[in-house]
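One structure below.
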Amino acid sequence: MTTLLPSHAHHPFPPNSNPKPPPPPPRQVNHQQLSCLPPNNVSSTSQTQTQTSNQNIRQLMIAKDIEKFKHQEARERKEAKNKKIASQKAISIILRREATKAIIEKKKGLSPKRLLPQTVLEALHERISAFRWESALTVFELLREQLWYRPNPSIYIKMIVMLGKCKQPEKARQLFEMMVDDGCIVNHEVYTALLSAYSRSGNFDEAFSILQQMKNSYDCQPDVHTYSILIKSFLQVFAFDKVQAVVAEMRDLGIRPNTVTYNTLIDAYGKAKK
């Protein structure tokens, strides 16, 4: 008798009771929609080009600004140089043609009262350093005519010292009085410079008169520098008796000689073999 077996009895494993569902059908692509959208690589390339273009524009603007600044700076330097040259020419014209300076300045279009401060002060300093006292006085008068001028005690002192070394005590006295009229404070340094101007010229009477004025003043008392100038002037003319009188006066006033004073005395007495 033959026994019939089920159909799956021949398989070692029974068939899966839950089989996998079939894969979905392929999705249809709408080629018309895809053609309307730009590719990703094209979009990124366009952005990069835009950024590069913006950077180039910024660099060009910066370069133009730098170039503009350089041109402006060069123009300002040139203008300042031209003004200085014009001011120097004006001073030169005034010094060379003092008698007809008004006519020449009018022709040149230069104003004698609008010169550059630095140019005038440099011209004055050069003449003081070279002891060109006549030219220095002319430039000083030009300085006082400037609209920007304000009385300066240090300039007066330099002028008085220069005139003293050039043996022009009366000119130094005029500047001293001009300084007082301008309202400058007159201290012991100014008096000492004026005293030196007279003592260098051998006018000891006037020098002693200025010394007395200093001793009678409250805030212009003579110091060791003042007396050292007198001593040096007396020694240059071998007035040893006056030197001894000055040294004695210094001792009475409690003013001690300094190294310069002693060296001056030793040198003078050595030359005189005393």
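Note on naming: chains are A, B, ... as they come in the structure tokens, residues start from 1 per chain, ligands start from 1 in the order shown.
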**Item:** Selection: 12 Å around Ile229 of chain A, only C-alpha atoms, excl. self and same-chain fewer than 5 positions, as a list in words
**Value:**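 My list of contacting residues is Gly164, Tyr191, Thr192, Ala193, Leu194, Leu195, Ser196, Ala197, Tyr198, Ser199, Arg200, Phe204, Ala207, Phe208, Leu211, Pro222, Asp223, Val224, Phe234, Leu235, Gln236, Val243, Val246, Val247, Pro257, Val260, Thr261, Thr264 and Leu265 of chain A.
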**Message:** List the spatial neighbours of segment 131-148 of chain A as JSON, numbers by chain - criterion: any atom at most 7 Å away, only C-alpha atoms, same-chain residues fewer than 3 positions off excluded.
**Reply:** {"A": [113, 114, 120, 124, 127, 128, 162, 163, 166]}
Output file for the residues above (N, CA and C atoms, as a PDB file, in the first residue's frame):
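Output saved as out03.pdb:
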```pdb
ATOM      1  N   LYS A 113      54.392 140.230   5.445  1.00  0.00           N
ATOM      2  CA  LYS A 113      53.855 139.917   6.763  1.00  0.00           C
ATOM      3  C   LYS A 113      53.263 138.515   6.832  1.00  0.00           C
ATOM      4  N   ARG A 114      53.431 137.742   5.785  1.00  0.00           N
ATOM      5  CA  ARG A 114      52.865 136.391   5.762  1.00  0.00           C
ATOM      6  C   ARG A 114      53.927 135.346   5.414  1.00  0.00           C
ATOM      7  N   VAL A 120      61.644 132.195   8.615  1.00  0.00           N
ATOM      8  CA  VAL A 120      62.182 133.421   9.206  1.00  0.00           C
ATOM      9  C   VAL A 120      63.090 133.090  10.390  1.00  0.00           C
ATOM     10  N   LEU A 124      67.087 133.847  10.827  1.00  0.00           N
ATOM     11  CA  LEU A 124      67.622 134.605  11.955  1.00  0.00           C
ATOM     12  C   LEU A 124      68.689 133.809  12.694  1.00  0.00           C
ATOM     13  N   ARG A 127      72.059 133.765  10.900  1.00  0.00           N
ATOM     14  CA  ARG A 127      72.808 135.027  10.992  1.00  0.00           C
ATOM     15  C   ARG A 127      73.361 135.257  12.396  1.00  0.00           C
ATOM     16  N   ILE A 128      72.627 134.810  13.401  1.00  0.00           N
ATOM     17  CA  ILE A 128      73.148 134.912  14.773  1.00  0.00           C
ATOM     18  C   ILE A 128      74.366 134.019  14.934  1.00  0.00           C
ATOM     19  N   MET A 162      74.785 137.983  20.975  1.00  0.00           N
ATOM     20  CA  MET A 162      75.495 138.113  19.701  1.00  0.00           C
ATOM     21  C   MET A 162      76.050 139.525  19.523  1.00  0.00           C
ATOM     22  N   LEU A 163      75.219 140.545  19.822  1.00  0.00           N
ATOM     23  CA  LEU A 163      75.678 141.927  19.668  1.00  0.00           C
ATOM     24  C   LEU A 163      76.823 142.233  20.624  1.00  0.00           C
ATOM     25  N   CYS A 166      79.888 140.847  19.121  1.00  0.00           N
ATOM     26  CA  CYS A 166      80.272 141.674  17.969  1.00  0.00           C
ATOM     27  C   CYS A 166      80.653 143.103  18.384  1.00  0.00           C
TER      28      CYS A 166
END
```
